[in-house]
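A.B. asks: Here you go, this is query-v7.cif (mmCIF, C-alpha atoms (C1' of nucleotides)).
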data_data
loop_
_atom_site.label_atom_id
_atom_site.label_comp_id
_atom_site.auth_asym_id
_atom_site.auth_seq_id
_atom_site.Cartn_x
_atom_site.Cartn_y
_atom_site.Cartn_z
CA MET A 1 11.46 80.96 171.22
CA PRO A 2 12.31 83.86 173.46
CA GLU A 3 16.00 84.60 173.14
CA LEU A 4 17.82 87.84 173.95
CA PRO A 5 15.93 90.10 171.48
CA GLU A 6 12.54 88.74 172.56
CA VAL A 7 13.26 89.15 176.27
CA GLU A 8 14.65 92.62 175.58
CA THR A 9 11.38 93.48 173.83
CA ILE A 10 9.31 92.16 176.75
CA LYS A 11 11.45 94.23 179.11
CA ASN A 12 10.94 97.38 177.06
CA GLN A 13 7.20 96.91 176.91
CA LEU A 14 6.71 95.94 180.55
CA MET A 15 8.83 98.74 181.96
CA PRO A 16 6.44 101.66 181.43
CA LEU A 17 3.46 99.57 182.53
CA VAL A 18 4.71 98.04 185.78
CA VAL A 19 7.58 100.07 187.22
CA GLY A 20 6.43 101.80 190.39
CA ARG A 21 3.43 99.49 190.79
CA ARG A 22 2.81 97.54 193.97
CA ILE A 23 2.15 93.80 193.69
CA GLN A 24 -1.08 92.85 195.45
CA SER A 25 -0.78 89.12 194.92
CA VAL A 26 0.49 86.46 192.58
CA GLU A 27 -1.60 83.47 191.60
CA PHE A 28 -0.03 80.30 190.18
CA LEU A 29 -2.43 78.39 187.95
CA TRP A 30 0.37 75.87 187.28
CA THR A 31 2.38 75.57 190.47
CA LYS A 32 5.46 74.00 188.88
CA THR A 33 6.11 77.32 187.15
CA LEU A 34 7.46 78.46 190.52
CA LEU A 35 10.96 77.07 190.92
CA ALA A 36 11.78 78.62 194.31
CA PRO A 37 10.94 79.17 197.09
CA SER A 38 7.70 77.44 198.11
CA ILE A 39 4.36 78.98 197.15
CA ALA A 40 3.79 80.07 200.76
CA GLU A 41 7.20 81.71 201.12
CA PHE A 42 6.94 83.31 197.70
CA ASP A 43 3.51 84.68 198.50
CA GLN A 44 4.70 86.15 201.77
CA ALA A 45 7.82 87.68 200.22
CA ILE A 46 6.20 89.24 197.16
CA ARG A 47 2.95 90.60 198.59
CA ASP A 48 2.90 94.42 198.76
CA ARG A 49 6.35 94.77 197.20
CA VAL A 50 6.90 97.54 194.68
CA ILE A 51 8.42 96.74 191.28
CA GLU A 52 11.31 99.17 191.15
CA GLY A 53 12.75 98.18 187.82
CA VAL A 54 12.65 95.72 184.95
CA ASP A 55 15.89 94.39 183.56
CA ARG A 56 17.34 91.63 181.43
CA ARG A 57 20.40 89.42 181.72
CA GLY A 58 20.84 86.77 179.05
CA LYS A 59 17.41 85.27 178.55
CA TYR A 60 16.27 86.13 182.07
CA LEU A 61 13.72 88.86 182.75
CA ILE A 62 14.46 90.53 186.08
CA LEU A 63 11.86 92.32 188.18
CA ARG A 64 13.63 94.38 190.85
CA LEU A 65 11.62 94.73 194.06
CA ASP A 66 11.82 97.07 197.04
CA SER A 67 13.38 94.27 199.04
CA ALA A 68 16.58 92.24 199.00
CA ASN A 69 15.07 89.91 196.41
CA VAL A 70 14.67 89.94 192.66
CA LEU A 71 12.04 88.02 190.75
CA LEU A 72 13.61 86.14 187.85
CA VAL A 73 11.47 84.89 184.99
CA HIS A 74 12.75 82.52 182.32
CA MET A 75 10.41 82.04 179.34
CA ARG A 76 12.15 78.86 178.14
CA MET A 77 10.39 77.73 174.96
CA THR A 78 6.92 79.22 174.91
CA GLY A 79 6.58 81.73 177.74
CA SER A 80 5.26 85.22 177.11
CA PHE A 81 3.64 88.06 179.03
CA LEU A 82 0.34 89.76 178.39
CA VAL A 83 -0.70 92.85 180.31
CA SER A 84 -4.40 93.52 180.69
CA ASN A 85 -6.39 96.44 182.07
CA GLY A 86 -9.72 94.66 181.53
CA ASN A 87 -11.44 91.99 183.56
CA GLU A 88 -11.47 89.11 181.09
CA PRO A 89 -10.64 85.64 182.45
CA PRO A 90 -7.11 84.33 181.85
CA SER A 91 -6.68 82.56 178.52
CA ARG A 92 -6.26 78.79 178.39
CA HIS A 93 -2.47 78.67 178.69
CA THR A 94 -2.06 81.27 181.42
CA ARG A 95 0.15 79.84 184.19
CA VAL A 96 0.63 82.86 186.47
CA VAL A 97 -1.38 86.02 187.17
CA VAL A 98 0.29 88.99 188.85
CA TYR A 99 -2.22 91.47 190.32
CA LEU A 100 -0.98 95.07 190.50
CA ASP A 101 -2.30 97.92 192.63
CA ASN A 102 -3.71 99.92 189.73
CA GLY A 103 -5.95 97.09 188.54
CA LEU A 104 -3.54 95.89 185.86
CA ARG A 105 -2.90 92.18 185.63
CA MET A 106 0.20 90.56 184.16
CA PHE A 107 -0.56 87.18 182.62
CA PHE A 108 2.32 84.75 182.15
CA VAL A 109 1.15 82.60 179.26
CA ASP A 110 3.15 79.43 178.59
CA PRO A 111 1.54 76.56 176.64
CA ARG A 112 4.32 74.07 177.27
CA LYS A 113 4.77 74.89 180.97
CA PHE A 114 8.58 75.06 180.73
CA GLY A 115 8.86 78.67 181.91
CA LYS A 116 10.09 79.35 185.44
CA PHE A 117 9.62 82.03 188.12
CA GLN A 118 12.06 82.22 190.99
CA LEU A 119 12.62 84.68 193.80
CA VAL A 120 16.30 84.93 194.67
CA SER A 121 18.60 87.22 196.61
CA GLU A 122 20.73 89.45 194.40
CA ASP A 123 24.00 87.94 195.54
CA ASN A 124 22.97 84.32 195.13
CA SER A 125 21.31 83.89 191.80
CA PRO A 126 21.66 81.91 188.60
CA LEU A 127 22.64 85.16 186.92
CA SER A 128 26.12 84.78 188.35
CA ARG A 129 26.67 81.72 186.18
CA LEU A 130 26.01 83.58 182.93
CA GLY A 131 28.72 84.58 180.49
CA MET A 132 29.24 87.79 178.52
CA GLU A 133 26.38 90.04 177.48
CA PRO A 134 26.78 90.34 173.71
CA MET A 135 25.14 93.78 173.54
CA THR A 136 27.61 95.48 175.88
CA GLY A 137 31.13 96.81 175.57
CA ALA A 138 32.34 93.71 177.44
CA PHE A 139 31.83 91.67 174.29
CA THR A 140 35.01 92.28 172.31
CA ALA A 141 36.70 90.20 169.62
CA GLN A 142 39.57 89.73 172.05
CA ARG A 143 37.30 88.27 174.73
CA LEU A 144 35.49 86.10 172.21
CA SER A 145 38.83 84.83 171.01
CA ALA A 146 39.88 84.08 174.59
CA VAL A 147 36.87 81.87 175.30
CA MET A 148 37.34 80.01 172.01
CA THR A 149 40.97 79.07 172.33
CA GLY A 150 41.51 75.42 173.10
CA ARG A 151 37.83 74.60 172.66
CA LYS A 152 37.20 71.70 170.31
CA ILE A 153 33.43 72.05 170.41
CA PRO A 154 31.52 73.13 167.30
CA VAL A 155 31.31 76.92 167.15
CA LYS A 156 27.50 76.69 167.11
CA VAL A 157 27.56 74.82 170.43
CA LEU A 158 29.82 77.48 171.92
CA LEU A 159 27.49 80.28 170.83
CA VAL A 160 24.48 78.81 172.62
CA ASP A 161 26.40 78.00 175.83
CA GLN A 162 24.92 80.47 178.32
CA SER A 163 27.97 80.33 180.58
CA ILE A 164 30.08 81.70 177.73
CA LEU A 165 27.68 84.07 175.96
CA ALA A 166 24.35 84.96 177.55
CA GLY A 167 21.20 85.27 175.50
CA ILE A 168 21.89 83.55 172.18
CA GLY A 169 19.71 80.54 171.37
CA ASN A 170 19.27 78.22 168.46
CA MET A 171 17.80 80.67 165.94
CA TYR A 172 20.18 83.59 166.42
CA ALA A 173 23.22 81.32 166.53
CA ASP A 174 22.34 80.07 163.05
CA GLU A 175 21.66 83.60 161.78
CA ALA A 176 24.94 84.95 163.15
CA LEU A 177 26.98 82.08 161.68
CA PHE A 178 25.40 82.65 158.29
CA GLU A 179 26.12 86.36 158.37
CA ALA A 180 29.73 85.60 159.33
CA LEU A 181 29.95 82.88 156.63
CA ILE A 182 31.10 80.27 159.14
CA HIS A 183 30.04 76.60 159.10
CA PRO A 184 28.26 75.66 162.37
CA LEU A 185 30.38 72.53 162.84
CA ARG A 186 33.75 74.29 162.62
CA SER A 187 35.63 73.66 165.85
CA ALA A 188 35.77 76.82 167.98
CA ASP A 189 39.54 76.85 168.15
CA SER A 190 39.89 76.58 164.37
CA LEU A 191 38.59 80.10 163.69
CA SER A 192 41.08 82.73 162.53
CA GLU A 193 41.23 86.11 164.28
CA GLN A 194 39.56 87.58 161.22
CA GLU A 195 36.72 85.09 161.42
CA ILE A 196 36.28 85.74 165.14
CA ALA A 197 36.06 89.47 164.50
CA ARG A 198 33.52 88.82 161.75
CA LEU A 199 31.50 86.55 164.03
CA ARG A 200 31.42 89.13 166.80
CA GLY A 201 30.19 91.75 164.35
CA ALA A 202 27.57 89.35 162.98
CA ILE A 203 26.25 88.52 166.45
CA ILE A 204 25.85 92.17 167.34
CA SER A 205 24.26 93.01 164.01
CA VAL A 206 21.81 90.10 164.05
CA LEU A 207 20.71 90.82 167.63
CA THR A 208 20.45 94.58 167.01
CA LYS A 209 18.25 94.12 163.96
CA ALA A 210 16.04 91.61 165.79
CA ILE A 211 15.55 94.00 168.72
CA GLU A 212 14.68 96.79 166.28
CA SER A 213 11.95 94.65 164.76
CA GLY A 214 10.52 93.69 168.14
CA GLY A 215 11.97 90.19 168.36
CA ALA A 216 10.79 87.13 166.50
CA SER A 217 7.43 85.43 166.87
CA VAL A 218 7.58 81.75 166.10
CA SER A 219 5.09 79.20 167.38
CA ASN A 220 3.07 80.73 170.23
CA TYR A 221 5.22 83.67 171.18
CA PHE A 222 3.81 87.20 171.42
CA HIS A 223 4.46 90.51 173.16
CA PRO A 224 2.97 91.95 176.35
CA ASP A 225 0.72 94.06 174.11
CA GLY A 226 -0.53 90.90 172.37
CA LEU A 227 1.13 91.76 169.06
CA LYS A 228 3.81 89.71 167.41
CA GLY A 229 7.39 90.55 166.50
CA LYS A 230 8.65 90.58 162.95
CA ALA A 231 12.26 89.46 163.26
CA GLN A 232 11.56 85.99 161.87
CA GLU A 233 10.58 87.58 158.56
CA SER A 234 14.18 88.64 158.04
CA PHE A 235 15.69 85.29 159.02
CA LYS A 236 17.99 84.16 156.24
CA VAL A 237 18.58 80.53 157.23
CA ALA A 238 16.74 79.69 160.48
CA HIS A 239 13.67 77.55 159.74
CA ARG A 240 14.25 77.93 156.02
CA LYS A 241 15.28 74.44 154.95
CA GLY A 242 15.08 74.02 151.17
CA GLU A 243 14.69 77.73 150.44
CA ASN A 244 17.33 79.34 148.27
CA CYS A 245 20.22 81.14 149.95
CA ILE A 246 19.83 84.90 149.44
CA ILE A 247 23.49 85.17 148.39
CA CYS A 248 24.08 82.17 146.09
CA ARG A 249 20.68 80.52 145.60
CA THR A 250 21.89 77.17 147.01
CA PRO A 251 19.13 75.43 149.01
CA ILE A 252 19.47 75.91 152.78
CA GLU A 253 20.31 72.68 154.58
CA ARG A 254 19.20 71.41 157.96
CA ILE A 255 21.44 69.22 160.08
CA VAL A 256 21.20 68.21 163.72
CA VAL A 257 23.88 69.50 166.09
CA ARG A 258 23.61 68.42 169.74
CA GLN A 259 19.98 67.47 169.20
CA ARG A 260 19.17 70.92 167.79
CA GLY A 261 17.99 71.73 164.29
CA THR A 262 20.74 73.72 162.61
CA TYR A 263 20.25 75.64 159.36
CA PHE A 264 23.01 76.90 157.07
CA CYS A 265 24.03 77.47 153.46
CA PRO A 266 26.39 74.65 152.44
CA ASN A 267 27.97 76.86 149.79
CA CYS A 268 28.48 80.14 151.67
CA GLN A 269 29.41 78.43 154.95
CA ARG A 270 32.19 75.97 154.13
CA ARG A 271 33.71 73.58 156.61
CA ILE A 272 37.06 74.35 155.10
CA ARG A 273 38.08 77.94 155.76
CA HIS A 274 37.79 80.34 152.85
"C1'" DA B 1 37.01 68.15 177.90
"C1'" DC B 2 33.49 66.50 175.29
"C1'" DC B 3 29.28 64.02 174.11
"C1'" DA B 4 24.73 61.47 174.30
"C1'" DC B 5 20.40 61.08 176.15
"C1'" DA B 6 16.37 61.73 179.15
"C1'" DA B 7 13.24 64.70 181.39
"C1'" DC B 8 10.12 68.54 181.52
"C1'" DC B 9 5.35 69.67 178.24
"C1'" DT B 10 1.88 70.71 174.50
"C1'" DG B 11 0.46 72.14 169.86
"C1'" DG B 12 1.13 71.31 165.29
"C1'" DC B 13 2.21 68.52 161.69
"C1'" DC B 14 2.74 64.12 159.06
"C1'" DG B 15 1.25 59.82 157.21
"C1'" DC B 16 -2.26 56.53 157.03
"C1'" DT C 1 -12.02 63.36 160.12
"C1'" DG C 2 -9.31 61.16 163.30
"C1'" DC C 3 -5.56 58.94 165.43
"C1'" DG C 4 -0.90 57.68 166.53
"C1'" DG C 5 3.60 59.25 166.43
"C1'" DC C 6 7.04 62.56 166.13
"C1'" DC C 7 9.08 67.11 166.33
"C1'" DA C 8 10.17 71.72 168.25
"C1'" DG C 9 14.19 73.48 171.75
"C1'" DG C 10 16.22 75.90 176.94
"C1'" DT C 11 17.89 73.94 180.83
"C1'" DT C 12 19.32 70.49 184.11
"C1'" DG C 13 20.98 66.20 185.36
"C1'" DT C 14 23.15 61.62 184.66
"C1'" DG C 15 26.41 58.82 182.89
"C1'" DG C 16 29.96 57.49 179.49
#
Will you turn the file into structure tokens for me?

C.D. replies:
Amino acid sequence: MPELPEVETIKNQLMPLVVGRRIQSVEFLWTKTLLAPSIAEFDQAIRDRVIEGVDRRGKYLILRLDSANVLLVHMRMTGSFLVSNGNEPPSRHTRVVVYLDNGLRMFFVDPRKFGKFQLVSEDNSPLSRLGMEPMTGAFTAQRLSAVMTGRKIPVKVLLVDQSILAGIGNMYADEALFEALIHPLRSADSLSEQEIARLRGAIISVLTKAIESGGASVSNYFHPDGLKGKAQESFKVAHRKGENCIICRTPIERIVVRQRGTYFCPNCQRRIRH
DNA sequence: ACCACAACCTGGCCGC
DNA sequence: TGCGGCCAGGTTGTGG
């Protein structure tokens, strides 16, 4: 599922291909992919605009236009981009086609149809509701500690709350908690300062390594160039139920936390602090 | 503040 | 080989 490292990878790959290009038109093959405004208004507002930059905030991909608007794309579970310079027809799960002035087409491919496009003004966008960016200097142990104090929620739930930390999803939350040796059900306000510092370091390290390997490719996800990422190959607990922990050989367990599959090592990640 | 559950969707997997 | 049923999980919304 596209989380921060996957969206970062999409951003990096799209940037050299689309920045400076003028959008000729956008075609929605599944109209519900467009969240706002209406198709007619969107069409009017995006036609002939130049893509001035590609950015990322949390799990949102941001296309900056030569107007007061930005185009936000959220991949949700199965969204991905493919860029084509040929003339082949869109593949079966293509939901949106963006036609650029140099003949390139951007296909938004999304089997489960959860992904969303929206055109918003810069000062009134869902981005303002997002929390800290974990890959910036704003993400300090002190700030992490501040958002955890008084919170009784499981630390795993806090990590995937986009209004607290932007960009971490189910897989990377599990990976970071394993690297920090913290049980996912520990209450957020029970972590010591040392554990919080360790968790911050683990989050940065897990995300950095995933970005370096081009993000993860699970289920139907792939890159704009059609290739797949390799980050999932270095996952230590996520999606590895029953496999032996790389540290202590104990089988990885799977529990459900807030309706989400949660993987951890019951020996290395104790509920009682150690 | 915290939690549960439904909705949005389809492909893949399981058991029979 | 096929068919029904369930699971995967980001986000939003409702209601306890």

A.B. asks: Could you give me, as a PDB file with C-alpha atoms (C1' of nucleotides), keeping the file's coordinate frame, the residues within 12 Å of C:DG5, counting only C-alpha atoms (C1' of nucleotides) and dropping anything in the same chain fewer than 5 positions from it?

C.D. replies:
ATOM      1  C1'  DC B  13       2.210  68.520 161.690  1.00  0.00           C
ATOM      2  C1'  DC B  14       2.740  64.120 159.060  1.00  0.00           C
ATOM      3  C1'  DG B  15       1.250  59.820 157.210  1.00  0.00           C
ATOM      4  C1'  DC B  16      -2.260  56.530 157.030  1.00  0.00           C
TER       5       DC B  16
END

A.B. asks: Once you count all atoms listed in the file, which residues of chain A turn out to be within 8 Å of chain B? Could you give them as a VMD selection string?

C.D. replies: chain A and resid 111 to 114 153

A.B. asks: Could you tell me how far atom CA of A:Leu65 sits from atom CA of A:Thr9, in Å to one decimal place?

C.D. replies: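 Distance reported for this atom pair: 20.3 Å.
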
A.B. asks: Please check the contacts: residues of chain A at most 9 Å away from chain C, using only C-alpha atoms (C1' of nucleotides), listed as a ChimeraX atom specification.

C.D. replies: /A:1,75-77,114,169-170,259-261

A.B. asks: List, as number ranges by chain, every residue that the PyMOL selection byres ((chain A and resi 100) around 7) selects in the file provided.

C.D. replies: A: 21-24, 98-99, 101-105

A.B. asks: What separation in Å, quoted to one decimal, exists between atom CA of A:Arg240 and atom CA of A:Ser190?

C.D. replies: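 We find that atom CA of A:Arg240 and atom CA of A:Ser190 lie 27.0 Å from each other.
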
A.B. asks: On this structure, the PyMOL selection byres ((chain A and resi 118) around 10) would catch which residues? List them as a ChimeraX atom specification, sorted by chain and number.

C.D. replies: /A:33-38,42,62,69-74,116-117,119-121,125-126

A.B. asks: Could you jot down the atom CA of A:Leu144 to atom CA of A:Ser187 separation for me, Å, one decimal place?

C.D. replies: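 If I compute the distance from atom CA of A:Leu144 to atom CA of A:Ser187, I get 14.0 Å.
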
A.B. asks: Would you please work out which residue, of A:Val147, A:Ile51, A:Val257, A:Ile168, is nearest to A:Ala210 when using all atoms listed in the file?

C.D. replies: A:Ile168

A.B. asks: Which polymer residues have any atom within 8 Å of an atom of stretch 154-165 of chain A, counting only C-alpha atoms (C1' of nucleotides), with same-chain residues fewer than 5 positions away left out, as a list in words?

C.D. replies: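 The residues satisfying every condition are Gly58, Arg129, Leu130, Gly131, Met132, Glu133, Pro134, Val147, Met148, Asn170, Ala173, Asp174, Leu177, Pro184, Leu185, Arg186, Ser187, Ala188, Val257 and Arg258 of chain A.
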